[in-house]
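Asks: Pasting model-v4.cif below, which is mmCIF, C-alpha atoms and all ligand atoms.
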```cif
data_start
loop_
_atom_site.label_atom_id
_atom_site.label_comp_id
_atom_site.auth_asym_id
_atom_site.auth_seq_id
_atom_site.Cartn_x
_atom_site.Cartn_y
_atom_site.Cartn_z
CA MET A 164 0.00 0.00 0.00
CA LYS A 165 2.75 2.40 1.03
CA SER A 166 4.69 2.09 -2.20
CA GLU A 167 1.49 2.39 -4.26
CA ILE A 168 0.64 5.65 -2.52
CA GLN A 169 4.23 6.87 -2.89
CA ALA A 170 4.02 6.09 -6.59
CA LEU A 171 0.78 8.07 -6.84
CA PHE A 172 2.40 10.97 -4.95
CA SER A 173 5.45 11.00 -7.19
CA ARG A 174 3.26 10.94 -10.29
CA GLY A 175 1.26 13.87 -8.89
CA TYR A 176 -2.00 11.95 -8.56
CA LEU A 177 -2.27 12.19 -4.82
CA ASP A 178 -1.83 15.44 -2.93
CA LYS A 179 -2.66 14.26 0.60
CA PRO A 180 -2.85 10.93 2.47
CA ILE A 181 -6.35 9.49 3.05
CA PRO A 182 -7.79 11.54 5.96
CA LYS A 183 -8.37 9.28 9.00
CA HIS A 184 -11.97 10.46 9.56
CA LEU A 185 -13.08 9.49 6.04
CA ASN A 186 -15.73 6.75 5.91
CA LEU A 187 -14.38 4.73 3.02
CA VAL A 188 -17.61 2.82 2.41
CA ASP A 189 -19.57 6.08 2.05
CA GLU A 190 -16.85 7.60 -0.14
CA ILE A 191 -16.72 4.57 -2.42
CA ASN A 192 -20.51 4.60 -2.77
CA LYS A 193 -20.35 8.32 -3.67
CA LEU A 194 -17.62 7.67 -6.23
CA LYS A 195 -19.69 4.90 -7.83
CA LYS A 196 -22.45 7.42 -8.54
CA GLU A 197 -20.22 10.38 -9.49
CA LYS A 198 -18.17 8.32 -11.93
CA ASN A 199 -20.88 5.93 -13.14
CA ALA A 200 -18.70 3.04 -11.97
CA VAL A 201 -19.46 -0.55 -10.98
CA ILE A 202 -17.40 -2.80 -8.73
CA LEU A 203 -16.99 -6.42 -9.83
CA ALA A 204 -15.54 -8.58 -7.06
CA HIS A 205 -14.41 -12.20 -6.78
CA TYR A 206 -15.32 -14.34 -3.76
CA TYR A 207 -11.64 -14.43 -2.76
CA GLN A 208 -11.56 -10.69 -2.01
CA VAL A 209 -11.46 -9.38 1.57
CA GLU A 210 -14.92 -9.24 3.18
CA GLU A 211 -15.31 -5.42 3.07
CA ILE A 212 -14.73 -5.44 -0.68
CA GLN A 213 -17.15 -8.33 -1.26
CA ASP A 214 -19.78 -6.41 0.75
CA ILE A 215 -19.43 -3.16 -1.19
CA SER A 216 -19.35 -4.76 -4.65
CA ASP A 217 -22.16 -4.46 -7.21
CA TYR A 218 -21.48 -7.86 -8.72
CA LEU A 219 -19.91 -10.60 -6.63
CA GLY A 220 -19.19 -13.95 -8.21
CA ASP A 221 -16.91 -16.55 -9.69
CA SER A 222 -14.73 -16.06 -12.76
CA LEU A 223 -17.47 -17.02 -15.23
CA TYR A 224 -20.12 -14.77 -13.71
CA LEU A 225 -17.68 -11.85 -13.56
CA ALA A 226 -16.67 -12.31 -17.21
CA LYS A 227 -20.36 -12.35 -18.21
CA MET A 228 -21.07 -9.21 -16.17
CA ALA A 229 -17.99 -7.44 -17.55
CA GLU A 230 -19.37 -8.01 -21.05
CA LYS A 231 -22.83 -6.68 -20.12
CA VAL A 232 -22.23 -3.62 -17.93
CA SER A 233 -23.11 -0.23 -19.35
CA ALA A 234 -21.25 1.82 -16.68
CA ASP A 235 -18.34 4.01 -17.79
CA MET A 236 -15.82 2.47 -15.42
CA ILE A 237 -15.36 -1.15 -14.33
CA VAL A 238 -13.51 -1.40 -11.02
CA PHE A 239 -12.21 -4.95 -10.92
CA ALA A 240 -11.67 -6.23 -7.40
CA GLY A 241 -9.87 -9.41 -8.33
CA VAL A 242 -6.56 -10.23 -9.99
CA HIS A 243 -4.89 -8.96 -13.14
CA PHE A 244 -6.04 -11.67 -15.59
CA MET A 245 -9.66 -11.00 -14.56
CA ALA A 246 -9.41 -7.23 -15.13
CA GLU A 247 -7.59 -7.91 -18.40
CA THR A 248 -10.43 -10.23 -19.51
CA ALA A 249 -12.97 -7.48 -18.69
CA LYS A 250 -11.03 -4.98 -20.81
CA ILE A 251 -10.76 -7.42 -23.73
CA ILE A 252 -14.48 -8.16 -23.84
CA ASN A 253 -15.63 -4.60 -23.15
CA PRO A 254 -12.79 -2.49 -24.60
CA THR A 255 -14.56 0.88 -24.65
CA LYS A 256 -14.82 0.87 -20.84
CA LYS A 257 -12.19 2.15 -18.50
CA VAL A 258 -11.08 -0.85 -16.40
CA VAL A 259 -9.18 -0.23 -13.17
CA LEU A 260 -7.65 -2.69 -10.69
CA PRO A 261 -6.90 -1.52 -7.10
CA ASP A 262 -3.40 -3.02 -7.15
CA LEU A 263 -1.60 -3.80 -10.41
CA LYS A 264 0.61 -6.27 -8.57
CA ALA A 265 -2.41 -8.53 -7.95
CA GLY A 266 -1.15 -11.28 -10.25
CA CYS A 267 -1.69 -15.05 -10.23
CA SER A 268 0.79 -17.92 -9.81
CA LEU A 269 -1.22 -20.01 -12.25
CA ALA A 270 -1.20 -17.37 -14.98
CA ASP A 271 2.54 -16.85 -14.34
CA SER A 272 3.20 -20.58 -14.73
CA CYS A 273 2.48 -20.32 -18.45
CA PRO A 274 4.95 -17.96 -20.22
CA PRO A 275 3.65 -17.18 -23.75
CA ASP A 276 6.92 -17.97 -25.62
CA GLN A 277 7.23 -21.39 -23.97
CA PHE A 278 3.56 -22.10 -24.53
CA ALA A 279 3.82 -21.15 -28.22
CA ALA A 280 6.68 -23.68 -28.59
CA PHE A 281 4.62 -26.35 -26.77
CA LYS A 282 1.64 -25.65 -29.02
CA ALA A 283 3.85 -25.95 -32.12
CA LYS A 284 4.76 -29.52 -31.07
CA HIS A 285 1.07 -30.49 -31.30
CA PRO A 286 -0.05 -28.86 -34.58
CA ASP A 287 -3.28 -30.91 -34.81
CA ALA A 288 -4.50 -30.07 -31.31
CA ILE A 289 -6.88 -27.28 -30.49
CA VAL A 290 -6.19 -25.23 -27.37
CA VAL A 291 -8.57 -24.92 -24.43
CA SER A 292 -7.27 -22.55 -21.77
CA TYR A 293 -8.53 -21.91 -18.28
CA ILE A 294 -9.41 -18.22 -17.97
CA ASN A 295 -6.63 -17.91 -15.33
CA CYS A 296 -4.00 -17.01 -17.94
CA SER A 297 -2.58 -13.90 -19.57
CA ALA A 298 -4.03 -12.10 -22.62
CA GLU A 299 -1.07 -13.47 -24.63
CA ILE A 300 -2.08 -17.06 -23.79
CA LYS A 301 -5.72 -16.28 -24.61
CA ALA A 302 -4.51 -15.05 -28.00
CA LEU A 303 -2.94 -18.51 -28.55
CA THR A 304 -6.13 -20.24 -27.45
CA ASP A 305 -9.15 -21.53 -29.39
CA ILE A 306 -11.60 -21.56 -26.51
CA VAL A 307 -11.38 -20.30 -22.96
CA CYS A 308 -13.14 -22.00 -20.02
CA THR A 309 -13.58 -21.44 -16.30
CA SER A 310 -13.91 -24.01 -13.55
CA SER A 311 -17.72 -23.64 -13.81
CA ASN A 312 -17.98 -24.68 -17.45
CA ALA A 313 -14.74 -26.58 -18.21
CA VAL A 314 -16.46 -30.00 -18.50
CA ASP A 315 -19.09 -28.55 -20.90
CA VAL A 316 -16.41 -26.83 -22.98
CA ILE A 317 -14.41 -30.06 -23.37
CA ASN A 318 -17.59 -32.03 -24.15
CA SER A 319 -18.53 -29.49 -26.84
CA ILE A 320 -15.44 -30.51 -28.85
CA PRO A 321 -15.72 -33.50 -31.25
CA LYS A 322 -14.37 -36.73 -29.70
CA GLU A 323 -11.71 -37.35 -32.35
CA GLN A 324 -10.20 -33.85 -31.95
CA SER A 325 -7.02 -33.74 -29.83
CA ILE A 326 -6.93 -31.00 -27.20
CA ILE A 327 -4.21 -29.12 -25.35
CA PHE A 328 -5.44 -27.96 -21.93
CA ALA A 329 -3.56 -25.12 -20.21
CA PRO A 330 -2.37 -23.88 -17.79
CA ASP A 331 -3.70 -25.82 -14.76
CA LYS A 332 -2.54 -29.46 -14.60
CA ASN A 333 -4.79 -30.21 -11.61
CA LEU A 334 -7.95 -28.96 -13.30
CA GLY A 335 -6.72 -30.74 -16.44
CA ARG A 336 -6.42 -34.09 -14.61
CA TYR A 337 -9.85 -33.59 -13.12
CA LEU A 338 -11.26 -32.91 -16.62
CA ILE A 339 -9.64 -36.11 -17.94
CA SER A 340 -11.41 -38.04 -15.17
CA GLN A 341 -14.76 -36.35 -15.87
CA THR A 342 -14.80 -36.42 -19.66
CA GLY A 343 -12.71 -39.52 -20.45
CA ARG A 344 -10.71 -37.40 -22.93
CA ASP A 345 -6.97 -37.71 -23.37
CA LEU A 346 -5.97 -34.06 -22.83
CA ILE A 347 -2.43 -32.82 -23.49
CA LEU A 348 -1.64 -30.92 -20.30
CA TRP A 349 0.46 -27.86 -19.59
CA GLU A 350 2.10 -28.32 -16.16
CA GLY A 351 0.95 -25.15 -14.39
CA SER A 352 -0.68 -24.84 -10.98
CA CYS A 353 -2.12 -22.50 -8.36
CA ILE A 354 -0.04 -22.07 -5.19
CA VAL A 355 -3.16 -21.54 -3.09
CA HIS A 356 -4.86 -24.81 -4.06
CA GLU A 357 -1.63 -26.82 -4.04
CA ALA A 358 -0.96 -25.73 -0.45
CA PHE A 359 -3.60 -28.04 1.06
CA SER A 360 -2.22 -30.86 3.19
CA PHE A 361 -3.86 -34.19 2.41
CA ASP A 362 -2.74 -35.73 5.73
CA LYS A 363 -4.10 -32.81 7.76
CA ILE A 364 -7.38 -32.89 5.82
CA VAL A 365 -7.77 -36.60 6.60
CA ALA A 366 -6.98 -35.97 10.28
CA LEU A 367 -9.43 -33.05 10.44
CA SER A 368 -12.15 -35.13 8.79
CA ARG A 369 -11.65 -37.83 11.42
CA LYS A 370 -12.03 -35.18 14.12
CA HIS A 371 -15.24 -33.90 12.46
CA PRO A 372 -16.89 -37.04 11.01
CA GLU A 373 -20.14 -35.10 10.55
CA ALA A 374 -18.45 -32.57 8.19
CA LYS A 375 -18.43 -33.10 4.44
CA PHE A 376 -15.18 -32.31 2.65
CA ILE A 377 -15.63 -30.14 -0.46
CA ALA A 378 -12.92 -28.92 -2.84
CA HIS A 379 -12.14 -26.70 -5.83
CA PRO A 380 -10.81 -28.59 -8.89
CA GLU A 381 -7.55 -26.60 -8.85
CA SER A 382 -6.58 -28.83 -5.87
CA GLU A 383 -4.31 -31.86 -6.30
CA SER A 384 -5.80 -35.25 -7.36
CA GLN A 385 -5.22 -36.88 -3.97
CA VAL A 386 -7.25 -34.12 -2.29
CA LEU A 387 -10.00 -34.27 -4.95
CA ASP A 388 -10.29 -38.06 -4.64
CA PHE A 389 -11.13 -37.59 -0.97
CA ALA A 390 -13.86 -34.97 -1.59
CA HIS A 391 -17.63 -35.49 -1.23
CA TYR A 392 -18.13 -32.72 -3.76
CA ILE A 393 -15.85 -30.93 -6.27
CA GLY A 394 -16.83 -27.62 -7.83
CA SER A 395 -15.97 -24.07 -8.82
CA THR A 396 -16.52 -21.36 -6.21
CA SER A 397 -20.13 -20.90 -7.35
CA GLY A 398 -20.56 -24.69 -7.50
CA LEU A 399 -19.36 -25.01 -3.89
CA LEU A 400 -21.79 -22.28 -2.82
CA GLN A 401 -24.72 -23.97 -4.53
CA PHE A 402 -23.73 -27.27 -2.95
CA ILE A 403 -23.63 -26.02 0.65
CA GLU A 404 -27.01 -24.31 0.18
CA SER A 405 -28.80 -27.36 -1.21
CA ASP A 406 -27.01 -30.14 0.70
CA ASN A 407 -28.37 -31.37 4.05
CA ALA A 408 -25.11 -31.60 6.06
CA GLU A 409 -24.55 -29.08 8.84
CA SER A 410 -20.81 -28.63 8.49
CA TYR A 411 -18.15 -28.63 5.78
CA ILE A 412 -14.37 -28.64 5.46
CA VAL A 413 -13.68 -26.33 2.53
CA ALA A 414 -10.62 -26.65 0.26
CA THR A 415 -10.45 -23.41 -1.64
CA GLU A 416 -9.33 -19.86 -0.90
CA ALA A 417 -10.66 -18.89 2.54
CA GLY A 418 -12.42 -15.72 1.26
CA ILE A 419 -15.32 -17.91 0.09
CA LEU A 420 -16.27 -18.67 3.71
CA HIS A 421 -17.73 -15.16 4.04
CA GLU A 422 -20.35 -15.80 1.35
CA MET A 423 -20.94 -19.38 2.58
CA GLN A 424 -21.72 -18.11 6.05
CA LYS A 425 -24.10 -15.51 4.61
CA ARG A 426 -25.97 -18.07 2.52
CA ALA A 427 -26.15 -20.69 5.27
CA PRO A 428 -25.79 -18.85 8.61
CA HIS A 429 -26.75 -21.90 10.69
CA LYS A 430 -24.04 -24.13 9.12
CA THR A 431 -20.37 -24.48 10.11
CA PHE A 432 -17.53 -23.98 7.61
CA ILE A 433 -13.99 -25.02 8.41
CA PRO A 434 -11.14 -23.95 6.10
CA ALA A 435 -9.08 -26.93 4.92
CA PRO A 436 -5.60 -27.00 6.53
CA VAL A 437 -2.42 -26.30 4.57
CA ASN A 438 1.10 -27.73 4.70
CA ASP A 439 2.56 -24.55 6.19
CA ASP A 440 2.43 -24.63 10.02
CA THR A 441 2.46 -20.83 10.31
CA CYS A 442 -1.04 -20.34 8.90
CA ALA A 443 -4.33 -22.17 9.36
CA CYS A 444 -5.94 -21.73 5.93
CA SER A 445 -5.05 -21.03 2.33
CA GLU A 446 -5.30 -17.39 1.32
CA CYS A 447 -4.36 -15.96 -2.06
CA ALA A 448 -1.76 -13.27 -1.37
CA PHE A 449 -2.49 -11.76 -4.80
CA MET A 450 -6.23 -11.43 -4.19
CA LYS A 451 -5.55 -10.03 -0.73
CA LEU A 452 -3.39 -7.19 -2.14
CA ASN A 453 -6.63 -5.32 -2.82
CA THR A 454 -7.82 -3.38 0.24
CA LEU A 455 -10.67 -0.94 0.83
CA GLU A 456 -8.13 1.93 0.89
CA LYS A 457 -6.70 0.93 -2.48
CA LEU A 458 -10.20 0.48 -3.87
CA TYR A 459 -11.06 4.03 -2.79
CA LEU A 460 -7.86 5.50 -4.25
CA CYS A 461 -8.26 3.57 -7.46
CA MET A 462 -11.80 4.90 -7.95
CA LYS A 463 -10.86 8.44 -7.00
CA TYR A 464 -7.84 8.67 -9.32
CA GLU A 465 -9.09 6.12 -11.88
CA LEU A 466 -5.75 4.37 -11.53
CA PRO A 467 -4.11 1.94 -12.08
CA GLU A 468 -5.82 1.40 -15.40
CA ILE A 469 -5.65 -1.77 -17.52
CA GLU A 470 -4.18 -0.82 -20.88
CA LEU A 471 -3.65 -3.41 -23.59
CA ASP A 472 -2.42 -3.37 -27.12
CA GLU A 473 -5.35 -3.24 -29.60
CA SER A 474 -4.14 -6.14 -31.72
CA LEU A 475 -3.47 -8.33 -28.66
CA MET A 476 -7.01 -7.64 -27.45
CA ASN A 477 -8.43 -8.54 -30.86
CA ASP A 478 -6.44 -11.80 -30.92
CA ALA A 479 -7.49 -12.74 -27.38
CA ARG A 480 -11.18 -11.80 -27.71
CA ALA A 481 -12.31 -14.64 -29.99
CA SER A 482 -11.38 -17.38 -27.50
CA ILE A 483 -13.33 -15.67 -24.69
CA GLN A 484 -16.32 -14.98 -26.91
CA ARG A 485 -16.45 -18.62 -27.98
CA MET A 486 -16.82 -19.57 -24.33
CA LEU A 487 -19.45 -16.90 -23.64
CA SER A 488 -21.47 -17.96 -26.68
CA LEU A 489 -21.77 -21.47 -25.19
CA GLY A 490 -24.10 -19.90 -22.61
P1 LIG B 501 -13.51 -19.80 -10.02
O1 LIG B 501 -13.91 -18.41 -9.72
O2 LIG B 501 -13.80 -20.16 -11.43
O3 LIG B 501 -14.05 -20.78 -9.07
O4 LIG B 501 -11.90 -19.85 -9.93
C1 LIG B 501 -11.24 -19.72 -8.75
C2 LIG B 501 -9.93 -19.03 -8.89
O5 LIG B 501 -8.89 -19.55 -8.65
C3 LIG B 501 -9.93 -17.66 -9.27
O6 LIG B 501 -8.64 -17.18 -9.25
FE1 LIG B 502 -4.32 -17.40 -9.15
FE2 LIG B 502 -4.69 -19.32 -7.38
FE3 LIG B 502 -4.82 -16.77 -6.58
FE4 LIG B 502 -6.76 -17.82 -8.15
S1 LIG B 502 -6.28 -18.42 -6.06
S2 LIG B 502 -5.73 -15.83 -8.39
S3 LIG B 502 -5.57 -19.25 -9.42
S4 LIG B 502 -2.99 -17.82 -7.39
#
```
Would you mind giving the structure from this file in structure tokens?
Ligand code: 13P
Ligand code: SF4

Replies:
Amino acid sequence: MKSEIQALFSRGYLDKPIPKHLNLVDEINKLKKEKNAVILAHYYQVEEIQDISDYLGDSLYLAKMAEKVSADMIVFAGVHFMAETAKIINPTKKVVLPDLKAGCSLADSCPPDQFAAFKAKHPDAIVVSYINCSAEIKALTDIVCTSSNAVDVINSIPKEQSIIFAPDKNLGRYLISQTGRDLILWEGSCIVHEAFSFDKIVALSRKHPEAKFIAHPESESQVLDFAHYIGSTSGLLQFIESDNAESYIVATEAGILHEMQKRAPHKTFIPAPVNDDTCACSECAFMKLNTLEKLYLCMKYELPEIELDESLMNDARASIQRMLSLG
């Protein structure tokens, strides 16, 4: 935060620090109206940001909303690839992200030059990429998917067609098990979902035999094999609302527990334990870079803005639109 503010100072965007008495929630709501702005937030954001957002959802929902909104400014409370996707599918809008350093280990695990070389080795394969990748990877992709629709996207492709799936190897393995297809996998992964400790999850489940274990498909196979239910963030939310258990051990980013508790206040949600002994749950450090203060500053100064090369956006758009047209 400090260095971001210093950068704003040095570039002349900020003349004073945020006054202590300012009610940031009120100020952000005022800025929404003044600037005809909407806040799109992912479930992994800090609670205050989830609560002040206009549209809160998973990656698929947010991409659909980004395409539809008529506001002048989209404030993307999520990570860089999400804000980039919003800009690509709605390029006339100003898209801002509270902290430009909010990246993604999964997107970073797929450098475009290396992926282009990998793709060249499989000239007959079409490319399906998880939305958690850079605009450059989307430009090398035939059809994008999210964790909500990945099975449907793979099933929409003729059986005899070979498919490269990138960048998440864990989601890729899960898709192989669900579709029976022989996908060619890029070996990327998400640090947050790979941090879960299988042994600790088993021990915790023994301690809470009444709790169902539910997991996001970015988790490792061993963890997924142990799960009662596997789904995207919105899938997990639907499951805990409709299922009859009273408690759940949840293997995805801990920010989701806020919305789970809202939707099912009488139920108990326990974050799945991670390998690291210094923390109890898995949090995405990139998602958590966005704070209410940065959200306020970003709306006030309309910075940092997502700016992309026109031709890159044009190349990347088709793969996202193909996914959105599947419904
Ligand atoms: P979904 O929103 O598709 O569940 O993806 C989770 C995620 O890792 C976002 O970064
Ligand atoms: Fe990327 Fe994983 Fe964070 Fe999602 S949770 S933004 S996939 S690092």

Asks: Here is a test: counting all atoms listed in the file, which residue of A:Asn438, A:Gln341, A:Asp189, A:Glu404 is nearest to A:Gln424?

Replies: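 Smallest separation from A:Gln424 among the options: A:Glu404.
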
Asks: Compile the contact shell of A:Glu409 as a ChimeraX atom specification: residues with an atom at most 9 Å away, counting only C-alpha atoms, same-chain residues fewer than 2 positions apart removed.

Replies: /A:373-375,403,406-407,411,429-432

Asks: I need the residues from that last selection saved to file as a short mmCIF file (atom, residue, chain, number, x, y, z; two decimals), in the frame of the given file (with C-alpha atoms), if you can.

Replies:
```cif
data_model
loop_
_atom_site.label_atom_id
_atom_site.label_comp_id
_atom_site.auth_asym_id
_atom_site.auth_seq_id
_atom_site.Cartn_x
_atom_site.Cartn_y
_atom_site.Cartn_z
CA GLU A 373 -20.14 -35.10 10.55
CA ALA A 374 -18.45 -32.57 8.19
CA LYS A 375 -18.43 -33.10 4.44
CA ILE A 403 -23.63 -26.02 0.65
CA ASP A 406 -27.01 -30.14 0.70
CA ASN A 407 -28.37 -31.37 4.05
CA TYR A 411 -18.15 -28.63 5.78
CA HIS A 429 -26.75 -21.90 10.69
CA LYS A 430 -24.04 -24.13 9.12
CA THR A 431 -20.37 -24.48 10.11
CA PHE A 432 -17.53 -23.98 7.61
#
```

Asks: Once you add 6 Å to each side, what are the centre and edge lengths of the axis-aligned box holding all listed atoms of ligand LIG 501 (chain B)? One decimal in Å, as AutoDock Vina command-line options, if you can.

Replies:
```
--center_x -11.3 --center_y -19.0 --center_z -10.0 --size_x 17.4 --size_y 15.6 --size_z 14.8
```

Asks: Kindly give the distance, in Å, that separates atom CA of A:Glu323 and atom CA of A:Ser488, rounded to a single decimal.

Replies: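 Taking atom CA of A:Glu323 and atom CA of A:Ser488, their separation equals 22.4 Å.
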
Asks: Give me, as number ranges by chain, the set of residues whose atoms come within 9 Å of any atom of ligand LIG 502 (chain B), counting all atoms listed in the file.

Replies: A: 207, 241-245, 265-271, 295-296, 331, 352-357, 381, 415-416, 445-451

Asks: For a quick check of understanding, using only C-alpha atoms and all ligand atoms, which of A:Cys444, A:Ala283, A:Leu348, A:Leu399 has the smallest distance to ligand LIG 501 (chain B)?

Replies: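 Nearest candidate to ligand LIG 501 (chain B) out of A:Cys444, A:Ala283, A:Leu348, A:Leu399: A:Leu399.
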
Asks: At a cut-off of 6 Å and counting all atoms listed in the file, what residues surround ligand LIG 501 (chain B)? Please answer as a PDB file with C-alpha atoms, keeping the file's coordinate frame.

Replies:
```
ATOM      1  CA  ASP A 221     -16.910 -16.550  -9.690  1.00  0.00           C
ATOM      2  CA  SER A 222     -14.730 -16.060 -12.760  1.00  0.00           C
ATOM      3  CA  THR A 309     -13.580 -21.440 -16.300  1.00  0.00           C
ATOM      4  CA  SER A 310     -13.910 -24.010 -13.550  1.00  0.00           C
ATOM      5  CA  SER A 311     -17.720 -23.640 -13.810  1.00  0.00           C
ATOM      6  CA  SER A 395     -15.970 -24.070  -8.820  1.00  0.00           C
ATOM      7  CA  THR A 396     -16.520 -21.360  -6.210  1.00  0.00           C
TER       8      THR A 396
END
```

Asks: Residues within 12 Å of A:Leu194, please, as a list in words. Count only C-alpha atoms; anything in the same chain fewer than 4 positions from it doesn't count.

Replies: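 Residues near the query, excluding close chain neighbours: Leu187, Val188, Asp189, Glu190, Lys198, Asn199, Ala200, Val201, Ile202, Met236, Val238, Leu458, Tyr459, Leu460, Cys461, Met462, Lys463, Tyr464 and Glu465 of chain A.
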
Asks: Could you check the closest approach to A:Glu456 for each of A:Ser272, A:Gln401, A:Asn186, A:Ser233 and tell me which residue wins, using all atoms listed in the file?

Replies: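 Of all the options, A:Asn186 lies closest to A:Glu456.
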
Asks: Determine, counting all atoms listed in the file, which protein, DNA and RNA residues have an atom within 6 Å of an atom of A:Val259; residues of the same chain fewer than 4 positions away are not included. Present the result as a ChimeraX atom specification.

Replies: /A:238,466-469

Asks: Which residue gives the smallest distance to A:Gly351 among A:His285, A:Arg336, A:Lys425, A:Lys370, with all atoms listed in the file counted?

Replies: A:Arg336

Asks: Using all atoms listed in the file, can you tell me which of A:Ile215, A:Ile433, A:Leu487, A:Leu471 comes closest to A:Glu247?

Replies: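 Of A:Ile215, A:Ile433, A:Leu487, A:Leu471, the one nearest A:Glu247, counting all atoms listed in the file, is A:Leu471.
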
Asks: Smallest atom-to-atom distance to A:Val291: which of A:Glu210, A:Asp235, A:Asp315, A:Asp388, using only C-alpha atoms?

Replies: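 For A:Val291, the nearest of the given residues is A:Asp315.
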
Asks: Could you list, as a PDB file with C-alpha atoms, in the coordinates of the input, every residue within 7 Å of A:Gln213, counting all atoms listed in the file and ignoring same-chain residues fewer than 6 positions away?

Replies:
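New file part.pdb:
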```
ATOM      1  CA  ALA A 204     -15.540  -8.580  -7.060  1.00  0.00           C
ATOM      2  CA  TYR A 206     -15.320 -14.340  -3.760  1.00  0.00           C
ATOM      3  CA  LEU A 219     -19.910 -10.600  -6.630  1.00  0.00           C
TER       4      LEU A 219
END
```

Asks: Work out how far atom CA of A:Leu225 is from atom CA of A:Asp305, in Å to one decimal.

Replies: 20.4 Å

Asks: Since the input is missing atoms, can you rebuild all heavy atoms for stretch 449-454 of chain A and write them as a CSV table (one decimal), keeping the file's coordinate frame?

Replies:
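Output file rebuild_3.csv follows:
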```csv
chain,number,residue,atom,x,y,z
A,449,PHE,N,-2.2,-12.7,-3.7
A,449,PHE,CA,-2.5,-11.8,-4.8
A,449,PHE,C,-3.9,-11.1,-4.6
A,449,PHE,O,-4.0,-9.9,-4.7
A,449,PHE,CB,-2.4,-12.5,-6.1
A,449,PHE,CG,-1.1,-13.2,-6.4
A,449,PHE,CD1,-1.0,-14.6,-6.4
A,449,PHE,CD2,0.0,-12.4,-6.7
A,449,PHE,CE1,0.2,-15.2,-6.6
A,449,PHE,CE2,1.2,-13.1,-7.0
A,449,PHE,CZ,1.3,-14.5,-6.9
A,450,MET,N,-4.9,-11.9,-4.4
A,450,MET,CA,-6.2,-11.4,-4.2
A,450,MET,C,-6.3,-10.5,-3.0
A,450,MET,O,-7.0,-9.5,-3.0
A,450,MET,CB,-7.2,-12.6,-3.9
A,450,MET,CG,-7.5,-13.4,-5.1
A,450,MET,SD,-8.8,-12.7,-6.1
A,450,MET,CE,-9.1,-13.9,-7.4
A,451,LYS,N,-5.5,-10.8,-2.0
A,451,LYS,CA,-5.6,-10.0,-0.7
A,451,LYS,C,-4.7,-8.7,-0.8
A,451,LYS,O,-4.7,-8.0,0.1
A,451,LYS,CB,-5.1,-10.9,0.4
A,451,LYS,CG,-6.1,-11.8,1.2
A,451,LYS,CD,-7.3,-12.1,0.6
A,451,LYS,CE,-8.3,-12.9,1.5
A,451,LYS,NZ,-9.3,-13.7,0.7
A,452,LEU,N,-4.1,-8.5,-2.0
A,452,LEU,CA,-3.4,-7.2,-2.1
A,452,LEU,C,-4.4,-6.1,-2.2
A,452,LEU,O,-4.1,-4.9,-1.9
A,452,LEU,CB,-2.5,-7.2,-3.4
A,452,LEU,CG,-1.2,-7.9,-3.3
A,452,LEU,CD1,-0.5,-7.9,-4.7
A,452,LEU,CD2,-0.3,-7.1,-2.3
A,453,ASN,N,-5.6,-6.4,-2.7
A,453,ASN,CA,-6.6,-5.3,-2.8
A,453,ASN,C,-7.2,-5.0,-1.4
A,453,ASN,O,-7.6,-6.0,-0.8
A,453,ASN,CB,-7.8,-5.8,-3.8
A,453,ASN,CG,-7.3,-6.0,-5.2
A,453,ASN,OD1,-6.4,-5.3,-5.6
A,453,ASN,ND2,-7.9,-6.9,-5.9
A,454,THR,N,-7.2,-3.8,-1.1
A,454,THR,CA,-7.8,-3.4,0.2
A,454,THR,C,-8.9,-2.3,0.0
A,454,THR,O,-8.9,-1.7,-1.1
A,454,THR,CB,-6.7,-2.8,1.1
A,454,THR,OG1,-6.2,-1.6,0.5
A,454,THR,CG2,-5.6,-3.8,1.4
```
